[in-house]
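Asker: Take a look at the following structure, please.
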Amino acid sequence: MDLGSALSNAFAMPVEEDSAPINMLAGALGKPAGGPKKKGELEESPHLLAVRAAVAGLRDGSVTPDEYHESISTVQVQISELLGLFEMAQVKRELARASESDQQLAERTRQGLEVVEQGLDRLLGYLESEEMDDMDEGLALVESGYLDLDRTQDDALLEIEDDDEDEEDD
């Protein structure tokens with residue numbers, strides 16, 4: 001997901017105390033490189049597709065429980081790493097200095113990631129419980145979380161476009 005990439009890229013480099021704030025939405029220095037930022041379609045998200053394929057494969061027998069576990073766990077690691085960014089001292093400092101709007105978008109991002117994580121936990125729980133509710137509700141949570149993240153990213157990109165238009169008008 002593009003917002004996840006922006007978060008990861010924004011924190012890959014060390015930040016000094018007097019450096020420009022990190023824009024949680026667009027990466028370092030607040031401007032997307034190469035013009036307006038474009039995002040992929042939700043239905044093309046590789047992690048969402050991997051989760052859906054693992055669930056469908058386990059249901060129809062084309063995926064073994066071990067393959068299912070590996071696919072879901074791989075996505076879970078990615079989501080956990082993104083959530084971990086929000087606990088970094090640097091991120092907390094940057095968010096404290098960010099605009100209220102950016103703080104709200106970052107919080108919505110964190111909440112969406114948490115919903116995805118809860119869904120992935122539920123999907124992994126299916127392997128032990130073998131309760132279809134775990135699989136159905138886990139997949140529903142994952143899809144809901146990704147939908148929330150997609151909407152948050154849309155709002156973030158609109159905000160960036162509005163900021164760019166305001167700068168051009170000045």
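Going by the structure tokens order, chains are called A, B, ..., each with residues numbered from 1, while ligands are numbered from 1 in the order shown.
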For A:Leu48, list every protein, DNA or RNA residue within 9 Å, evaluated using only C-alpha atoms, and leave out those in the same chain fewer than 5 positions away; present the list as an MDAnalysis selection string.

Answerer: chainID A and resid 42:43 53 75 142:143 146

Asker: Any chance you can output those residues with N, CA and C atoms as an mmCIF file, in the first residue's frame?

Answerer:
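Listing of part02.cif after writing:
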data_model
loop_
_atom_site.group_PDB
_atom_site.id
_atom_site.type_symbol
_atom_site.label_atom_id
_atom_site.label_comp_id
_atom_site.auth_asym_id
_atom_site.auth_seq_id
_atom_site.Cartn_x
_atom_site.Cartn_y
_atom_site.Cartn_z
ATOM 1 N N LEU A 42 -7.497 -0.388 -4.545
ATOM 2 C CA LEU A 42 -7.602 -1.281 -3.394
ATOM 3 C C LEU A 42 -7.641 -2.738 -3.836
ATOM 4 N N GLU A 43 -8.392 -3.027 -4.870
ATOM 5 C CA GLU A 43 -8.540 -4.416 -5.327
ATOM 6 C C GLU A 43 -7.255 -4.998 -5.902
ATOM 7 N N ALA A 53 -6.485 -14.907 -1.388
ATOM 8 C CA ALA A 53 -6.081 -16.148 -2.060
ATOM 9 C C ALA A 53 -5.841 -17.259 -1.039
ATOM 10 N N VAL A 75 1.865 -11.298 5.688
ATOM 11 C CA VAL A 75 1.130 -10.032 5.708
ATOM 12 C C VAL A 75 1.113 -9.465 7.123
ATOM 13 N N VAL A 142 -10.135 -7.859 7.884
ATOM 14 C CA VAL A 142 -9.025 -7.477 7.007
ATOM 15 C C VAL A 142 -9.538 -6.570 5.887
ATOM 16 N N GLU A 143 -10.626 -6.984 5.249
ATOM 17 C CA GLU A 143 -11.169 -6.183 4.151
ATOM 18 C C GLU A 143 -11.650 -4.823 4.637
ATOM 19 N N TYR A 146 -8.576 -2.610 5.305
ATOM 20 C CA TYR A 146 -7.986 -2.119 4.059
ATOM 21 C C TYR A 146 -8.868 -1.059 3.412
#

Asker: Please report, as a PyMOL selection string, each residue of stretch 32-98 of chain A to which DSSP assigns helix (DSSP H, G or I) when run on this structure's backbone.

Answerer: chain A and resi 42-44+46-60+65-85+89-97

Asker: Quick one: write out the picked residues with C-alpha atoms as a CSV table (one decimal), in the first residue's frame?

Answerer:
chain,number,residue,atom,x,y,z
A,42,LEU,CA,-7.6,-1.3,-3.4
A,43,GLU,CA,-8.5,-4.4,-5.3
A,44,GLU,CA,-4.9,-4.6,-6.6
A,46,PRO,CA,-0.9,-7.4,-3.1
A,47,HIS,CA,-1.4,-8.0,0.7
A,48,LEU,CA,-5.2,-8.0,0.4
A,49,LEU,CA,-4.9,-10.3,-2.7
A,50,ALA,CA,-2.6,-12.7,-0.8
A,51,VAL,CA,-5.0,-12.9,2.2
A,52,ARG,CA,-8.0,-13.5,-0.1
A,53,ALA,CA,-6.1,-16.1,-2.1
A,54,ALA,CA,-5.0,-17.9,1.1
A,55,VAL,CA,-8.5,-18.0,2.5
A,56,ALA,CA,-10.0,-19.2,-0.8
A,57,GLY,CA,-7.3,-21.8,-1.2
A,58,LEU,CA,-7.7,-23.2,2.2
A,59,ARG,CA,-11.5,-23.4,1.7
A,60,ASP,CA,-11.2,-25.2,-1.7
A,65,PRO,CA,-2.7,-25.2,6.3
A,66,ASP,CA,1.1,-24.5,6.3
A,67,GLU,CA,0.9,-22.4,3.1
A,68,TYR,CA,-2.1,-20.6,4.5
A,69,HIS,CA,-0.2,-19.9,7.7
A,70,GLU,CA,2.8,-18.6,5.8
A,71,SER,CA,0.8,-16.3,3.6
A,72,ILE,CA,-1.2,-14.8,6.5
A,73,SER,CA,1.9,-14.5,8.7
A,74,THR,CA,3.8,-12.7,5.9
A,75,VAL,CA,1.1,-10.0,5.7
A,76,GLN,CA,0.9,-9.9,9.5
A,77,VAL,CA,4.6,-9.1,9.8
A,78,GLN,CA,4.3,-6.3,7.3
A,79,ILE,CA,1.3,-4.8,9.2
A,80,SER,CA,3.0,-5.2,12.6
A,81,GLU,CA,6.1,-3.4,11.3
A,82,LEU,CA,4.0,-0.5,10.1
A,83,LEU,CA,2.2,-0.3,13.4
A,84,GLY,CA,5.6,-0.4,15.1
A,85,LEU,CA,6.5,2.9,13.3
A,89,ALA,CA,10.2,8.2,19.4
A,90,GLN,CA,10.9,10.0,16.1
A,91,VAL,CA,7.3,9.4,14.8
A,92,LYS,CA,5.8,10.6,18.1
A,93,ARG,CA,7.9,13.8,17.9
A,94,GLU,CA,6.9,14.4,14.4
A,95,LEU,CA,3.2,13.8,15.1
A,96,ALA,CA,3.3,16.1,18.0
A,97,ARG,CA,4.5,18.9,15.7

Asker: By how many Å are atom CA of A:Gly119 and atom CA of A:Leu141 apart?

Answerer: 4.6 Å

Asker: Separation of atom CA of A:Met132 and atom CA of A:Glu117, in Å?

Answerer: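 Between atom CA of A:Met132 and atom CA of A:Glu117 the gap works out to 18.4 Å.
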
Asker: So how many Å separate atom CA of A:Thr64 and atom CA of A:Ser45, to one decimal?

Answerer: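 Computing it gives 22.7 Å between the two atoms.
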
Asker: So, counting only C-alpha atoms, which residue among A:Glu41, A:Asp155, A:Glu130, A:Glu161 is closest to A:Asp102?

Answerer: A:Asp155

Asker: For A:Asp148, which residue out of A:Glu114, A:Asp136, A:Glu131, A:Asp121 is the nearest one, using only C-alpha atoms?

Answerer: A:Glu114

Asker: Here is a test: counting only C-alpha atoms, which residue of A:Met88, A:Gly61, A:Leu120, A:Arg108 is nearest to A:Arg151?

Answerer: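 The shortest atom-to-atom distance to A:Arg151 comes from A:Arg108.
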